$ cat start-v2.pdb   # PDB, C-alpha atoms
ATOM      1  CA  MET A   1      30.914 -43.510  -0.457  1.00  0.00           C
ATOM      2  CA  MET A   2      28.624 -41.299   1.600  1.00  0.00           C
ATOM      3  CA  THR A   3      31.565 -39.021   2.377  1.00  0.00           C
ATOM      4  CA  ALA A   4      31.062 -37.702  -1.182  1.00  0.00           C
ATOM      5  CA  LEU A   5      27.443 -36.714  -0.493  1.00  0.00           C
ATOM      6  CA  PRO A   6      28.142 -33.185   0.858  1.00  0.00           C
ATOM      7  CA  GLN A   7      30.264 -32.301  -2.179  1.00  0.00           C
ATOM      8  CA  ALA A   8      27.647 -33.712  -4.564  1.00  0.00           C
ATOM      9  CA  LEU A   9      24.909 -31.702  -2.827  1.00  0.00           C
ATOM     10  CA  ALA A  10      27.015 -28.529  -3.082  1.00  0.00           C
ATOM     11  CA  TYR A  11      27.312 -29.050  -6.856  1.00  0.00           C
ATOM     12  CA  MET A  12      23.616 -29.812  -7.113  1.00  0.00           C
ATOM     13  CA  LEU A  13      22.687 -26.642  -5.208  1.00  0.00           C
ATOM     14  CA  ASP A  14      24.688 -24.591  -7.741  1.00  0.00           C
ATOM     15  CA  ARG A  15      22.259 -25.410 -10.539  1.00  0.00           C
ATOM     16  CA  PRO A  16      21.090 -22.614 -12.880  1.00  0.00           C
ATOM     17  CA  ASN A  17      17.413 -23.726 -12.823  1.00  0.00           C
ATOM     18  CA  PRO A  18      16.502 -24.473  -9.202  1.00  0.00           C
ATOM     19  CA  ALA A  19      12.778 -24.806 -10.029  1.00  0.00           C
ATOM     20  CA  GLN A  20      13.331 -28.376 -11.271  1.00  0.00           C
ATOM     21  CA  PRO A  21      14.565 -31.283  -9.129  1.00  0.00           C
ATOM     22  CA  THR A  22      18.246 -32.100  -9.519  1.00  0.00           C
ATOM     23  CA  PHE A  23      19.479 -35.677  -9.707  1.00  0.00           C
ATOM     24  CA  GLY A  24      22.910 -37.038  -8.903  1.00  0.00           C
ATOM     25  CA  LEU A  25      24.695 -40.364  -8.822  1.00  0.00           C
ATOM     26  CA  LEU A  26      27.433 -41.368  -6.384  1.00  0.00           C
ATOM     27  CA  ILE A  27      29.671 -44.239  -7.483  1.00  0.00           C
ATOM     28  CA  ASN A  28      32.567 -45.949  -5.744  1.00  0.00           C
ATOM     29  CA  GLY A  29      33.271 -48.671  -8.305  1.00  0.00           C
ATOM     30  CA  ARG A  30      31.035 -51.339  -6.760  1.00  0.00           C
ATOM     31  CA  GLU A  31      28.025 -49.425  -5.501  1.00  0.00           C
ATOM     32  CA  PHE A  32      25.712 -46.728  -6.818  1.00  0.00           C
ATOM     33  CA  VAL A  33      23.573 -44.260  -4.847  1.00  0.00           C
ATOM     34  CA  PHE A  34      21.021 -42.027  -6.568  1.00  0.00           C
ATOM     35  CA  VAL A  35      20.407 -38.604  -5.030  1.00  0.00           C
ATOM     36  CA  LYS A  36      17.487 -36.230  -5.647  1.00  0.00           C
ATOM     37  CA  LEU A  37      17.564 -32.603  -4.498  1.00  0.00           C
ATOM     38  CA  ILE A  38      14.527 -30.300  -4.319  1.00  0.00           C
ATOM     39  CA  GLN A  39      15.369 -26.626  -3.928  1.00  0.00           C
ATOM     40  CA  GLN A  40      12.752 -24.728  -1.959  1.00  0.00           C
ATOM     41  CA  GLU A  41      13.018 -22.234   0.862  1.00  0.00           C
ATOM     42  CA  HIS A  42      14.639 -25.092   2.766  1.00  0.00           C
ATOM     43  CA  PRO A  43      16.293 -27.482   0.269  1.00  0.00           C
ATOM     44  CA  TRP A  44      15.899 -31.188   0.982  1.00  0.00           C
ATOM     45  CA  TYR A  45      17.291 -34.324  -0.542  1.00  0.00           C
ATOM     46  CA  ALA A  46      16.548 -38.017  -0.683  1.00  0.00           C
ATOM     47  CA  ARG A  47      18.830 -40.865  -1.612  1.00  0.00           C
ATOM     48  CA  SER A  48      18.497 -44.481  -2.600  1.00  0.00           C
ATOM     49  CA  TYR A  49      20.091 -47.267  -0.669  1.00  0.00           C
ATOM     50  CA  ALA A  50      23.433 -48.442  -2.088  1.00  0.00           C
ATOM     51  CA  LEU A  51      22.828 -50.578  -5.174  1.00  0.00           C
ATOM     52  CA  SER A  52      25.593 -53.103  -5.827  1.00  0.00           C
ATOM     53  CA  ILE A  53      26.978 -54.420  -9.109  1.00  0.00           C
ATOM     54  CA  GLU A  54      27.443 -57.730  -7.297  1.00  0.00           C
ATOM     55  CA  ARG A  55      23.671 -58.266  -7.235  1.00  0.00           C
ATOM     56  CA  ASP A  56      22.353 -58.734 -10.781  1.00  0.00           C
ATOM     57  CA  SER A  57      18.901 -57.297 -10.146  1.00  0.00           C
ATOM     58  CA  GLU A  58      20.370 -54.104  -8.677  1.00  0.00           C
ATOM     59  CA  LEU A  59      22.798 -53.635 -11.552  1.00  0.00           C
ATOM     60  CA  TYR A  60      19.819 -53.930 -13.901  1.00  0.00           C
ATOM     61  CA  GLN A  61      18.010 -51.207 -11.888  1.00  0.00           C
ATOM     62  CA  VAL A  62      20.963 -48.824 -12.198  1.00  0.00           C
ATOM     63  CA  LEU A  63      21.383 -49.430 -15.920  1.00  0.00           C
ATOM     64  CA  SER A  64      17.653 -49.039 -16.510  1.00  0.00           C
ATOM     65  CA  VAL A  65      17.524 -45.645 -14.781  1.00  0.00           C
ATOM     66  CA  LEU A  66      20.633 -44.420 -16.591  1.00  0.00           C
ATOM     67  CA  LYS A  67      19.339 -45.593 -19.972  1.00  0.00           C
ATOM     68  CA  LYS A  68      16.003 -43.846 -19.464  1.00  0.00           C
ATOM     69  CA  ARG A  69      17.478 -40.572 -18.203  1.00  0.00           C
ATOM     70  CA  LEU A  70      20.268 -40.384 -20.792  1.00  0.00           C
ATOM     71  CA  GLY A  71      17.757 -41.201 -23.517  1.00  0.00           C
ATOM     72  CA  GLU A  72      15.571 -38.296 -22.363  1.00  0.00           C
ATOM     73  CA  LEU A  73      18.531 -35.911 -22.472  1.00  0.00           C
ATOM     74  CA  ILE A  74      19.525 -37.036 -25.964  1.00  0.00           C
ATOM     75  CA  VAL A  75      15.976 -36.556 -27.241  1.00  0.00           C
ATOM     76  CA  MET A  76      15.992 -33.051 -25.752  1.00  0.00           C
ATOM     77  CA  GLY A  77      19.151 -32.339 -27.728  1.00  0.00           C
ATOM     78  CA  TYR A  78      21.566 -31.708 -24.904  1.00  0.00           C
ATOM     79  CA  ALA A  79      23.167 -33.360 -21.912  1.00  0.00           C
ATOM     80  CA  PRO A  80      24.312 -30.696 -19.453  1.00  0.00           C
ATOM     81  CA  LEU A  81      27.134 -32.016 -17.317  1.00  0.00           C
ATOM     82  CA  ARG A  82      27.921 -30.383 -14.016  1.00  0.00           C
TER      83      ARG A  82
END
$ encode --input "start-v2.pdb" --output "structure tokens"
Amino acid sequence: MMTALPQALAYMLDRPNPAQPTFGLLINGREFVFVKLIQQEHPWYARSYALSIERDSELYQVLSVLKKRLGELIVMGYAPLR
């Protein structure tokens, strides 16, 4: 799954509003990894450990984050997909 990280970061760096953090999600069908990119003079990123759908508590974590973030985008009136 981490082989997709460079491509995801390239997409995240091509964001129209670099003043705000950019968030991404890598998925391989069984695991999820959240990525956060901060664009400064020297961009840096952080990532979560791989959360698995095979562990109930971790699946709940993933769904909770997605529900919160998607809910925020819907309230704002748009969901930009990149």
$ closest_residue --input "start-v2.pdb" --among "A:Leu5, A:Val65, A:Ala10, A:Leu59" --to "Ala46 of chain A" --atoms "only C-alpha atoms"
A:Leu5
$ atom_distance --input "start-v2.pdb" --atom1 "atom CA of Leu9 of chain A" --atom2 "atom CA of Ile27 of chain A"
14.2 Å
$ resolve_selection --input "start-v2.pdb" --expression "the PyMOL selection byres ((chain A and resi 35) around 12)" --output "PDB file with C-alpha atoms, keeping the file's coordinate frame"
ATOM      1  CA  MET A   2      28.624 -41.299   1.600  1.00  0.00           C
ATOM      2  CA  ALA A   4      31.062 -37.702  -1.182  1.00  0.00           C
ATOM      3  CA  LEU A   5      27.443 -36.714  -0.493  1.00  0.00           C
ATOM      4  CA  PRO A   6      28.142 -33.185   0.858  1.00  0.00           C
ATOM      5  CA  ALA A   8      27.647 -33.712  -4.564  1.00  0.00           C
ATOM      6  CA  LEU A   9      24.909 -31.702  -2.827  1.00  0.00           C
ATOM      7  CA  TYR A  11      27.312 -29.050  -6.856  1.00  0.00           C
ATOM      8  CA  MET A  12      23.616 -29.812  -7.113  1.00  0.00           C
ATOM      9  CA  PRO A  21      14.565 -31.283  -9.129  1.00  0.00           C
ATOM     10  CA  THR A  22      18.246 -32.100  -9.519  1.00  0.00           C
ATOM     11  CA  PHE A  23      19.479 -35.677  -9.707  1.00  0.00           C
ATOM     12  CA  GLY A  24      22.910 -37.038  -8.903  1.00  0.00           C
ATOM     13  CA  LEU A  25      24.695 -40.364  -8.822  1.00  0.00           C
ATOM     14  CA  LEU A  26      27.433 -41.368  -6.384  1.00  0.00           C
ATOM     15  CA  ILE A  27      29.671 -44.239  -7.483  1.00  0.00           C
ATOM     16  CA  PHE A  32      25.712 -46.728  -6.818  1.00  0.00           C
ATOM     17  CA  VAL A  33      23.573 -44.260  -4.847  1.00  0.00           C
ATOM     18  CA  PHE A  34      21.021 -42.027  -6.568  1.00  0.00           C
ATOM     19  CA  LYS A  36      17.487 -36.230  -5.647  1.00  0.00           C
ATOM     20  CA  LEU A  37      17.564 -32.603  -4.498  1.00  0.00           C
ATOM     21  CA  ILE A  38      14.527 -30.300  -4.319  1.00  0.00           C
ATOM     22  CA  TRP A  44      15.899 -31.188   0.982  1.00  0.00           C
ATOM     23  CA  TYR A  45      17.291 -34.324  -0.542  1.00  0.00           C
ATOM     24  CA  ALA A  46      16.548 -38.017  -0.683  1.00  0.00           C
ATOM     25  CA  ARG A  47      18.830 -40.865  -1.612  1.00  0.00           C
ATOM     26  CA  SER A  48      18.497 -44.481  -2.600  1.00  0.00           C
ATOM     27  CA  TYR A  49      20.091 -47.267  -0.669  1.00  0.00           C
ATOM     28  CA  ALA A  50      23.433 -48.442  -2.088  1.00  0.00           C
TER      29      ALA A  50
END
$ atom_distance --input "start-v2.pdb" --atom1 "atom CA of Ala19 of chain A" --atom2 "atom CA of Arg69 of chain A"
18.4 Å
$ resolve_selection --input "start-v2.pdb" --expression "the PyMOL selection byres ((chain A and resi 30) around 7)" --output "list of chain:residue names"
A:Asn28, A:Gly29, A:Glu31, A:Ser52, A:Ile53
$ atom_distance --input "start-v2.pdb" --atom1 "atom CA of Leu51 of chain A" --atom2 "atom CA of Gln39 of chain A"
25.1 Å
$ axis_aligned_box --input "start-v2.pdb" --around "segment 18-30 of chain A" --padding-each-side "6 Å" --output "AutoDock Vina command-line options"
--center_x 23.0 --center_y -37.9 --center_z -8.5 --size_x 32.5 --size_y 38.9 --size_z 17.5
